[in-house]
>>> print(open('final-v2.cif').read())   # mmCIF, C-alpha atoms and all ligand atoms
data_my_file
loop_
_atom_site.group_PDB
_atom_site.id
_atom_site.type_symbol
_atom_site.label_atom_id
_atom_site.label_comp_id
_atom_site.auth_asym_id
_atom_site.auth_seq_id
_atom_site.Cartn_x
_atom_site.Cartn_y
_atom_site.Cartn_z
ATOM 1 C CA MET T 26 -42.958 -7.710 -18.524
ATOM 2 C CA LYS T 27 -40.253 -9.175 -16.300
ATOM 3 C CA ASN T 28 -39.233 -6.975 -13.384
ATOM 4 C CA ILE T 29 -35.664 -7.242 -12.120
ATOM 5 C CA ALA T 30 -34.441 -6.232 -8.670
ATOM 6 C CA ILE T 31 -30.688 -5.717 -8.398
ATOM 7 C CA PHE T 32 -28.834 -6.203 -5.100
ATOM 8 C CA ALA T 33 -25.529 -4.341 -4.846
ATOM 9 C CA SER T 34 -23.168 -3.440 -2.007
ATOM 10 C CA GLY T 35 -20.628 -1.120 -3.574
ATOM 11 C CA SER T 36 -19.741 1.003 -6.531
ATOM 12 C CA GLY T 37 -22.489 -0.492 -8.664
ATOM 13 C CA THR T 38 -20.914 -0.280 -12.105
ATOM 14 C CA ASN T 39 -22.588 -3.579 -13.038
ATOM 15 C CA ALA T 40 -25.937 -2.383 -11.660
ATOM 16 C CA GLU T 41 -25.612 0.747 -13.793
ATOM 17 C CA ASN T 42 -24.580 -1.210 -16.888
ATOM 18 C CA ILE T 43 -27.503 -3.651 -16.557
ATOM 19 C CA SER T 44 -29.990 -0.835 -15.874
ATOM 20 C CA LYS T 45 -28.849 1.050 -18.964
ATOM 21 C CA TYR T 46 -28.942 -2.080 -21.101
ATOM 22 C CA PHE T 47 -32.623 -2.707 -20.293
ATOM 23 C CA ALA T 48 -33.687 0.976 -20.245
ATOM 24 C CA ASP T 49 -35.599 0.743 -23.547
ATOM 25 C CA ASN T 50 -36.467 -2.949 -23.421
ATOM 26 C CA LYS T 51 -40.128 -3.844 -23.905
ATOM 27 C CA ASN T 52 -39.948 -7.141 -21.980
ATOM 28 C CA ILE T 53 -37.486 -6.559 -19.149
ATOM 29 C CA ARG T 54 -36.837 -3.642 -16.839
ATOM 30 C CA VAL T 55 -34.922 -2.952 -13.657
ATOM 31 C CA VAL T 56 -37.507 -1.785 -11.116
ATOM 32 C CA VAL T 57 -35.558 -1.394 -7.883
ATOM 33 C CA VAL T 58 -32.076 -1.652 -6.362
ATOM 34 C CA LEU T 59 -31.479 -2.880 -2.811
ATOM 35 C CA SER T 60 -28.271 -2.428 -0.841
ATOM 36 C CA ASN T 61 -26.865 -3.117 2.612
ATOM 37 C CA ASN T 62 -24.938 0.163 2.535
ATOM 38 C CA LYS T 63 -26.240 3.701 2.214
ATOM 39 C CA ASN T 64 -22.808 5.253 1.603
ATOM 40 C CA VAL T 65 -22.030 3.620 -1.703
ATOM 41 C CA LYS T 66 -22.101 4.903 -5.228
ATOM 42 C CA VAL T 67 -24.680 2.464 -6.574
ATOM 43 C CA HIS T 68 -27.523 4.674 -5.305
ATOM 44 C CA GLU T 69 -26.425 7.740 -7.270
ATOM 45 C CA ARG T 70 -25.687 5.649 -10.365
ATOM 46 C CA VAL T 71 -29.172 4.103 -10.574
ATOM 47 C CA ASN T 72 -31.170 7.003 -9.143
ATOM 48 C CA LYS T 73 -29.969 9.199 -12.006
ATOM 49 C CA LEU T 74 -31.465 6.601 -14.364
ATOM 50 C CA GLY T 75 -34.803 6.963 -12.532
ATOM 51 C CA ILE T 76 -34.507 3.682 -10.601
ATOM 52 C CA PRO T 77 -35.292 3.822 -6.861
ATOM 53 C CA SER T 78 -32.883 2.299 -4.342
ATOM 54 C CA PHE T 79 -33.323 1.244 -0.725
ATOM 55 C CA VAL T 80 -31.040 0.240 2.135
ATOM 56 C CA PHE T 81 -31.643 -2.644 4.519
ATOM 57 C CA SER T 82 -29.686 -3.509 7.653
ATOM 58 C CA ARG T 83 -27.853 -6.801 8.042
ATOM 59 C CA ASP T 84 -30.648 -7.993 10.393
ATOM 60 C CA GLU T 85 -33.375 -7.050 7.928
ATOM 61 C CA PHE T 86 -31.574 -8.960 5.178
ATOM 62 C CA ALA T 87 -31.055 -11.985 7.426
ATOM 63 C CA GLU T 88 -34.691 -12.021 8.503
ATOM 64 C CA GLY T 89 -35.838 -11.641 4.909
ATOM 65 C CA THR T 90 -39.421 -10.454 5.314
ATOM 66 C CA PRO T 91 -38.748 -6.690 5.028
ATOM 67 C CA VAL T 92 -36.815 -7.377 1.834
ATOM 68 C CA ILE T 93 -39.506 -9.682 0.431
ATOM 69 C CA ASN T 94 -42.129 -7.026 1.163
ATOM 70 C CA LYS T 95 -40.128 -4.373 -0.662
ATOM 71 C CA LEU T 96 -39.672 -6.701 -3.640
ATOM 72 C CA ALA T 97 -43.441 -7.294 -3.672
ATOM 73 C CA ASP T 98 -44.058 -3.507 -3.665
ATOM 74 C CA TYR T 99 -42.156 -3.364 -6.952
ATOM 75 C CA ALA T 100 -43.580 -6.627 -8.340
ATOM 76 C CA ALA T 101 -40.025 -7.927 -8.771
ATOM 77 C CA ASP T 102 -39.902 -11.426 -10.220
ATOM 78 C CA PHE T 103 -36.169 -11.939 -10.685
ATOM 79 C CA ILE T 104 -33.163 -10.990 -8.516
ATOM 80 C CA VAL T 105 -29.756 -10.128 -9.930
ATOM 81 C CA LEU T 106 -26.829 -9.871 -7.520
ATOM 82 C CA ALA T 107 -24.205 -7.462 -8.807
ATOM 83 C CA GLY T 108 -21.387 -7.051 -6.312
ATOM 84 C CA PHE T 109 -23.653 -7.950 -3.386
ATOM 85 C CA MET T 110 -21.630 -9.051 -0.366
ATOM 86 C CA ASN T 111 -24.282 -10.420 2.033
ATOM 87 C CA LYS T 112 -25.498 -13.994 2.245
ATOM 88 C CA ILE T 113 -28.977 -14.596 0.820
ATOM 89 C CA PRO T 114 -31.234 -15.981 3.583
ATOM 90 C CA GLU T 115 -33.350 -19.082 3.155
ATOM 91 C CA THR T 116 -36.628 -17.130 3.321
ATOM 92 C CA LEU T 117 -35.605 -15.185 0.244
ATOM 93 C CA LEU T 118 -34.322 -18.303 -1.563
ATOM 94 C CA ASN T 119 -37.680 -19.968 -0.929
ATOM 95 C CA ALA T 120 -39.603 -16.923 -2.136
ATOM 96 C CA PHE T 121 -37.538 -16.774 -5.376
ATOM 97 C CA PRO T 122 -36.677 -20.387 -6.287
ATOM 98 C CA ASN T 123 -34.244 -20.475 -9.227
ATOM 99 C CA LYS T 124 -34.824 -16.775 -9.665
ATOM 100 C CA ILE T 125 -31.694 -15.389 -8.021
ATOM 101 C CA ILE T 126 -28.430 -15.205 -9.941
ATOM 102 C CA ASN T 127 -24.983 -13.910 -9.054
ATOM 103 C CA ILE T 128 -21.839 -12.922 -10.891
ATOM 104 C CA HIS T 129 -18.536 -14.008 -9.390
ATOM 105 C CA PRO T 130 -15.276 -12.387 -10.590
ATOM 106 C CA ALA T 131 -13.357 -15.649 -11.134
ATOM 107 C CA LEU T 132 -13.682 -19.048 -12.746
ATOM 108 C CA LEU T 133 -15.578 -21.028 -10.098
ATOM 109 C CA PRO T 134 -15.037 -23.430 -8.407
ATOM 110 C CA LYS T 135 -11.645 -21.739 -8.122
ATOM 111 C CA TYR T 136 -11.441 -18.635 -5.932
ATOM 112 C CA GLY T 137 -14.943 -18.895 -4.484
ATOM 113 C CA GLY T 138 -16.284 -19.196 -0.968
ATOM 114 C CA LYS T 139 -16.166 -17.071 2.153
ATOM 115 C CA GLY T 140 -13.879 -14.038 1.970
ATOM 116 C CA MET T 141 -13.505 -14.320 -1.805
ATOM 117 C CA PHE T 142 -15.057 -11.154 -3.125
ATOM 118 C CA GLY T 143 -13.995 -8.093 -5.094
ATOM 119 C CA MET T 144 -10.257 -7.336 -5.050
ATOM 120 C CA HIS T 145 -9.522 -10.264 -2.691
ATOM 121 C CA VAL T 146 -10.277 -12.591 -5.590
ATOM 122 C CA HIS T 147 -7.935 -10.825 -8.031
ATOM 123 C CA GLU T 148 -5.151 -10.619 -5.420
ATOM 124 C CA ALA T 149 -5.409 -14.386 -4.850
ATOM 125 C CA VAL T 150 -5.410 -15.103 -8.599
ATOM 126 C CA VAL T 151 -2.231 -13.031 -9.133
ATOM 127 C CA ALA T 152 -0.518 -14.452 -6.009
ATOM 128 C CA ALA T 153 -1.142 -17.989 -7.292
ATOM 129 C CA GLY T 154 0.414 -17.173 -10.681
ATOM 130 C CA GLU T 155 -2.739 -18.155 -12.584
ATOM 131 C CA LYS T 156 -2.577 -17.839 -16.365
ATOM 132 C CA GLU T 157 -6.267 -17.044 -16.705
ATOM 133 C CA SER T 158 -9.219 -15.724 -14.774
ATOM 134 C CA GLY T 159 -12.734 -14.701 -15.745
ATOM 135 C CA ILE T 160 -16.356 -14.536 -14.689
ATOM 136 C CA THR T 161 -18.931 -17.053 -13.508
ATOM 137 C CA ILE T 162 -22.665 -16.375 -13.599
ATOM 138 C CA HIS T 163 -24.523 -18.870 -11.418
ATOM 139 C CA TYR T 164 -27.735 -19.535 -9.547
ATOM 140 C CA ILE T 165 -27.706 -18.866 -5.824
ATOM 141 C CA ASN T 166 -28.242 -21.667 -3.342
ATOM 142 C CA GLU T 167 -27.620 -22.012 0.410
ATOM 143 C CA ALA T 168 -23.827 -22.265 0.043
ATOM 144 C CA TYR T 169 -21.556 -19.439 -1.074
ATOM 145 C CA ASP T 170 -20.705 -19.587 -4.769
ATOM 146 C CA GLU T 171 -21.908 -23.171 -5.245
ATOM 147 C CA GLY T 172 -25.161 -22.847 -7.198
ATOM 148 C CA ALA T 173 -25.438 -24.269 -10.708
ATOM 149 C CA ILE T 174 -23.214 -22.495 -13.221
ATOM 150 C CA ILE T 175 -25.053 -20.747 -16.069
ATOM 151 C CA PHE T 176 -22.178 -19.107 -17.954
ATOM 152 C CA GLN T 177 -18.415 -18.580 -17.795
ATOM 153 C CA ALA T 178 -16.008 -16.468 -19.830
ATOM 154 C CA SER T 179 -12.254 -16.202 -19.373
ATOM 155 C CA CYS T 180 -9.452 -13.714 -19.921
ATOM 156 C CA PRO T 181 -5.670 -14.154 -19.886
ATOM 157 C CA VAL T 182 -3.632 -13.160 -16.832
ATOM 158 C CA LEU T 183 -0.138 -12.052 -17.789
ATOM 159 C CA PRO T 184 2.871 -12.468 -15.447
ATOM 160 C CA THR T 185 3.109 -8.668 -15.352
ATOM 161 C CA ASP T 186 -0.579 -8.112 -14.472
ATOM 162 C CA SER T 187 -1.396 -6.505 -11.117
ATOM 163 C CA PRO T 188 -4.631 -7.386 -9.275
ATOM 164 C CA GLU T 189 -5.998 -4.065 -10.596
ATOM 165 C CA ASP T 190 -5.185 -5.122 -14.179
ATOM 166 C CA VAL T 191 -7.030 -8.407 -13.667
ATOM 167 C CA ALA T 192 -9.970 -6.562 -12.096
ATOM 168 C CA ALA T 193 -10.211 -4.337 -15.179
ATOM 169 C CA LYS T 194 -10.236 -7.335 -17.551
ATOM 170 C CA VAL T 195 -12.835 -9.124 -15.437
ATOM 171 C CA HIS T 196 -15.041 -6.024 -15.227
ATOM 172 C CA ALA T 197 -14.948 -5.738 -19.017
ATOM 173 C CA LEU T 198 -16.181 -9.341 -19.298
ATOM 174 C CA GLU T 199 -18.914 -8.610 -16.750
ATOM 175 C CA TYR T 200 -20.184 -5.576 -18.680
ATOM 176 C CA GLU T 201 -20.130 -7.503 -21.949
ATOM 177 C CA HIS T 202 -21.898 -10.662 -20.803
ATOM 178 C CA TYR T 203 -24.061 -10.163 -17.703
ATOM 179 C CA PRO T 204 -26.928 -8.240 -19.415
ATOM 180 C CA HIS T 205 -27.069 -10.758 -22.287
ATOM 181 C CA VAL T 206 -27.172 -13.749 -19.947
ATOM 182 C CA ILE T 207 -29.990 -12.124 -17.946
ATOM 183 C CA GLU T 208 -31.913 -11.415 -21.155
ATOM 184 C CA GLU T 209 -31.487 -14.975 -22.349
ATOM 185 C CA LEU T 210 -32.657 -16.412 -19.030
ATOM 186 C CA LEU T 211 -35.734 -14.190 -18.923
ATOM 187 C CA THR T 212 -36.822 -14.291 -22.558
ATOM 188 C CA GLY T 213 -35.068 -17.294 -24.058
ATOM 189 C CA ARG T 214 -33.255 -14.942 -26.449
HETATM 190 C C1 LIG B 1 -17.785 -7.271 -9.465
HETATM 191 O O1 LIG B 1 -16.538 -7.555 -10.039
HETATM 192 C C2 LIG B 1 -18.470 -8.543 -9.019
HETATM 193 O O2 LIG B 1 -18.188 -9.642 -9.831
HETATM 194 C C3 LIG B 1 -17.893 -8.729 -7.645
HETATM 195 O O3 LIG B 1 -17.820 -7.442 -7.094
HETATM 196 C C4 LIG B 1 -17.598 -6.500 -8.155
HETATM 197 C C5 LIG B 1 -18.592 -5.361 -7.979
HETATM 198 O O4 LIG B 1 -18.318 -4.298 -8.870
HETATM 199 N N1 LIG B 1 -18.712 -9.616 -6.865
HETATM 200 C C6 LIG B 1 -18.239 -10.438 -5.931
HETATM 201 O O5 LIG B 1 -17.077 -10.467 -5.604
HETATM 202 C C7 LIG B 1 -19.288 -11.346 -5.286
HETATM 203 N N2 LIG B 1 -18.671 -12.392 -4.556
HETATM 204 P P1 LIG B 1 -19.422 -3.186 -9.153
HETATM 205 O O6 LIG B 1 -19.984 -2.741 -7.782
HETATM 206 O O7 LIG B 1 -18.674 -2.052 -9.782
HETATM 207 O O8 LIG B 1 -20.472 -3.754 -10.029
#
>>> encode(input="final-v2.cif", output="structure tokens")
Amino acid sequence: MKNIAIFASGSGTNAENISKYFADNKNIRVVVVLSNNKNVKVHERVNKLGIPSFVFSRDEFAEGTPVINKLADYAADFIVLAGFMNKIPETLLNAFPNKIINIHPALLPKYGGKGMFGMHVHEAVVAAGEKESGITIHYINEAYDEGAIIFQASCPVLPTDSPEDVAAKVHALEYEHYPHVIEELLTGR
């Protein structure tokens, strides 16, 4: 059995989608969700599926040990970032080498880096008049959004699309692909 921990900072629709996808899986399950914010919807979304969630402060995340201890309590062996907005500290990277992945709501290396998260990404894509956007699933390393790319999928951006329209298309791609990519990485299927 592979045990996934999901890190999420916000609404948590991806966390919910991934948790539901693996709910009846014999080889993979989501065991715990960690967040830097107690006032966000991800807790309610996963708790109603029977998955516990915990909140850590910015300092606890930066230091790493409290988080690593919590992950050990749940025997987590893989970390999935789903809308997680904090930097992953080196202690955690060292404890989970090549076992932390992220989803970015654009086609990296475009629209990545500091400040590029959530709606900021879609606003920048529309402002630049891009004809397409999409998702990038990648490993996490020390730099923001620069780990090895595992998977990308794209969607058209129409001249009439608002940032909200692009966000909706990108979210649809995320729901469709993120669980499958995780499954393939963990089971080779
Ligand atoms: C997702 O679109 C995810 O790709 C993005 O935040 C959104 C979270 O939505 N992540 C980043 O921008 C990371 N840099 P959700 O909370 O509903 O899953």
>>> resolve_selection(input="final-v2.cif", expression="the PyMOL selection byres (((chain T and resi 74) around 10) and not hetatm)", output="PyMOL selection string")
chain T and resi 41+44-45+48+69-73+75-77
>>> residues_around(input="final-v2.cif", residues="His163 of chain T", least_positions_apart="6", cutoff="8 Å", atoms="only C-alpha atoms", output="NGL selection string")
:T and (126-129 or 170-176)
>>> residues_near_point(input="final-v2.cif", point="(-28.2, -8.9, -4.7)", cutoff="7 Å", atoms="all atoms listed in the file", output="VMD selection string")
chain T and resid 31 to 33 104 to 107 109
>>> residues_near_point(input="final-v2.cif", point="(-17.6, -21.0, -13.4)", cutoff="6 Å", atoms="all atoms listed in the file", output="ChimeraX atom specification")
/T:132-133,161,174,177
>>> closest_residue(input="final-v2.cif", among="T:Val92, T:Val67, T:Ala101, T:Met144", to="Arg54 of chain T", atoms="all atoms listed in the file")
T:Ala101
>>> residues_near_ligand(input="final-v2.cif", ligand="ligand LIG 1 (chain B)", cutoff="7 Å", atoms="all atoms listed in the file", output="list in words")
Ala33, Ser34, Gly35, Ser36, Gly37, Thr38, Asn39, Ala40, Ala107, Gly108, Phe109, Met110, Ile128, His129, Pro130, Met141, Phe142, Gly143, Ala192, Val195 and His196 of chain T
>>> write_last_selection(input="final-v2.cif", atoms="C-alpha atoms", output="compact mmCIF listing (two decimals), in the coordinates of the input")
# COMPACT_ATOMS: atom_id res chain seq x y z
CA ALA T 33 -25.53 -4.34 -4.85
CA SER T 34 -23.17 -3.44 -2.01
CA GLY T 35 -20.63 -1.12 -3.57
CA SER T 36 -19.74 1.00 -6.53
CA GLY T 37 -22.49 -0.49 -8.66
CA THR T 38 -20.91 -0.28 -12.10
CA ASN T 39 -22.59 -3.58 -13.04
CA ALA T 40 -25.94 -2.38 -11.66
CA ALA T 107 -24.20 -7.46 -8.81
CA GLY T 108 -21.39 -7.05 -6.31
CA PHE T 109 -23.65 -7.95 -3.39
CA MET T 110 -21.63 -9.05 -0.37
CA ILE T 128 -21.84 -12.92 -10.89
CA HIS T 129 -18.54 -14.01 -9.39
CA PRO T 130 -15.28 -12.39 -10.59
CA MET T 141 -13.50 -14.32 -1.80
CA PHE T 142 -15.06 -11.15 -3.12
CA GLY T 143 -14.00 -8.09 -5.09
CA ALA T 192 -9.97 -6.56 -12.10
CA VAL T 195 -12.84 -9.12 -15.44
CA HIS T 196 -15.04 -6.02 -15.23
>>> atom_distance(input="final-v2.cif", atom1="atom CA of Glu155 of chain T", atom2="atom CA of Tyr136 of chain T")
11.0 Å
>>> resolve_selection(input="final-v2.cif", expression="the PyMOL selection byres (((chain T and resi 180) around 7) and not hetatm)", output="ChimeraX atom specification")
/T:157-159,179,181-182,194
>>> residues_around(input="final-v2.cif", residues="Lys27 of chain T", least_positions_apart="2", cutoff="8 Å", atoms="only C-alpha atoms", output="PyMOL selection string")
chain T and resi 29+52-54+101-103+211
>>> axis_aligned_box(input="final-v2.cif", around="segment 204-211 of chain T", padding_each_side="6 Å", output="AutoDock Vina command-line options")
--center_x -31.3 --center_y -12.3 --center_z -20.1 --size_x 20.8 --size_y 20.2 --size_z 16.4
>>> closest_residue(input="final-v2.cif", among="T:Val56, T:Val65, T:Ile43, T:Ala168", to="Glu201 of chain T", atoms="all atoms listed in the file")
T:Ile43
>>> atom_distance(input="final-v2.cif", atom1="atom CA of Ala131 of chain T", atom2="atom CA of Leu59 of chain T")
23.7 Å
>>> resolve_selection(input="final-v2.cif", expression="the PyMOL selection byres (((chain T and resi 115) around 10) and not hetatm)", output="PDB file with C-alpha atoms, in the frame of the given file")
ATOM      1  CA  ALA T  87     -31.055 -11.985   7.426  1.00  0.00           C
ATOM      2  CA  GLU T  88     -34.691 -12.021   8.503  1.00  0.00           C
ATOM      3  CA  GLY T  89     -35.838 -11.641   4.909  1.00  0.00           C
ATOM      4  CA  LYS T 112     -25.498 -13.994   2.245  1.00  0.00           C
ATOM      5  CA  ILE T 113     -28.977 -14.596   0.820  1.00  0.00           C
ATOM      6  CA  PRO T 114     -31.234 -15.981   3.583  1.00  0.00           C
ATOM      7  CA  THR T 116     -36.628 -17.130   3.321  1.00  0.00           C
ATOM      8  CA  LEU T 117     -35.605 -15.185   0.244  1.00  0.00           C
ATOM      9  CA  LEU T 118     -34.322 -18.303  -1.563  1.00  0.00           C
ATOM     10  CA  ASN T 119     -37.680 -19.968  -0.929  1.00  0.00           C
ATOM     11  CA  ALA T 120     -39.603 -16.923  -2.136  1.00  0.00           C
ATOM     12  CA  PHE T 121     -37.538 -16.774  -5.376  1.00  0.00           C
ATOM     13  CA  ASN T 166     -28.242 -21.667  -3.342  1.00  0.00           C
ATOM     14  CA  GLU T 167     -27.620 -22.012   0.410  1.00  0.00           C
TER      15      GLU T 167
END
>>> atom_distance(input="final-v2.cif", atom1="atom CA of Ser60 of chain T", atom2="atom CA of Ser82 of chain T")
8.7 Å
>>> closest_residue(input="final-v2.cif", among="T:Met26, T:Ala97, T:Leu198, T:Val151", to="Phe47 of chain T", atoms="all atoms listed in the file")
T:Met26
>>> build_atoms(input="final-v2.cif", residues="segment 159-176 of chain T", atoms="N, CA, C and O atoms", output="compact mmCIF listing (two decimals), in the frame of the given file")
# COMPACT_ATOMS: atom_id res chain seq x y z
N GLY T 159 -11.52 -14.92 -14.97
CA GLY T 159 -12.73 -14.70 -15.74
C GLY T 159 -13.94 -14.45 -14.87
O GLY T 159 -13.80 -13.98 -13.73
N ILE T 160 -15.11 -14.77 -15.41
CA ILE T 160 -16.36 -14.54 -14.69
C ILE T 160 -17.18 -15.82 -14.66
O ILE T 160 -17.08 -16.65 -15.57
N THR T 161 -17.97 -15.95 -13.61
CA THR T 161 -18.93 -17.05 -13.51
C THR T 161 -20.29 -16.47 -13.13
O THR T 161 -20.40 -15.77 -12.11
N ILE T 162 -21.30 -16.77 -13.93
CA ILE T 162 -22.66 -16.38 -13.60
C ILE T 162 -23.37 -17.65 -13.16
O ILE T 162 -23.32 -18.67 -13.86
N HIS T 163 -23.97 -17.62 -11.98
CA HIS T 163 -24.52 -18.87 -11.42
C HIS T 163 -25.78 -18.59 -10.60
O HIS T 163 -26.00 -17.47 -10.13
N TYR T 164 -26.59 -19.63 -10.44
CA TYR T 164 -27.74 -19.54 -9.55
C TYR T 164 -27.23 -19.51 -8.11
O TYR T 164 -26.15 -20.02 -7.80
N ILE T 165 -28.05 -18.92 -7.24
CA ILE T 165 -27.71 -18.87 -5.82
C ILE T 165 -28.40 -20.01 -5.09
O ILE T 165 -29.59 -20.24 -5.29
N ASN T 166 -27.62 -20.71 -4.27
CA ASN T 166 -28.24 -21.67 -3.34
C ASN T 166 -27.73 -21.37 -1.94
O ASN T 166 -27.14 -20.31 -1.71
N GLU T 167 -27.93 -22.29 -1.00
CA GLU T 167 -27.62 -22.01 0.41
C GLU T 167 -26.12 -21.78 0.65
O GLU T 167 -25.75 -21.10 1.58
N ALA T 168 -25.27 -22.39 -0.17
CA ALA T 168 -23.83 -22.26 0.04
C ALA T 168 -23.27 -21.12 -0.80
O ALA T 168 -23.77 -20.84 -1.88
N TYR T 169 -22.24 -20.49 -0.31
CA TYR T 169 -21.56 -19.44 -1.07
C TYR T 169 -21.06 -19.99 -2.41
O TYR T 169 -20.37 -21.00 -2.46
N ASP T 170 -21.35 -19.33 -3.47
CA ASP T 170 -20.70 -19.59 -4.77
C ASP T 170 -20.80 -21.03 -5.25
O ASP T 170 -19.93 -21.51 -5.96
N GLU T 171 -21.84 -21.76 -4.85
CA GLU T 171 -21.91 -23.17 -5.24
C GLU T 171 -23.14 -23.53 -6.05
O GLU T 171 -23.37 -24.69 -6.36
N GLY T 172 -23.98 -22.55 -6.40
CA GLY T 172 -25.16 -22.85 -7.20
C GLY T 172 -24.78 -23.22 -8.63
O GLY T 172 -23.64 -23.00 -9.06
N ALA T 173 -25.72 -23.80 -9.35
CA ALA T 173 -25.44 -24.27 -10.71
C ALA T 173 -24.90 -23.15 -11.59
O ALA T 173 -25.42 -22.02 -11.60
N ILE T 174 -23.85 -23.48 -12.34
CA ILE T 174 -23.21 -22.50 -13.22
C ILE T 174 -24.04 -22.32 -14.50
O ILE T 174 -24.44 -23.30 -15.13
N ILE T 175 -24.28 -21.07 -14.86
CA ILE T 175 -25.05 -20.75 -16.07
C ILE T 175 -24.12 -20.38 -17.22
O ILE T 175 -24.34 -20.74 -18.37
N PHE T 176 -23.04 -19.65 -16.90
CA PHE T 176 -22.18 -19.11 -17.95
C PHE T 176 -20.80 -18.77 -17.37
O PHE T 176 -20.70 -18.29 -16.25
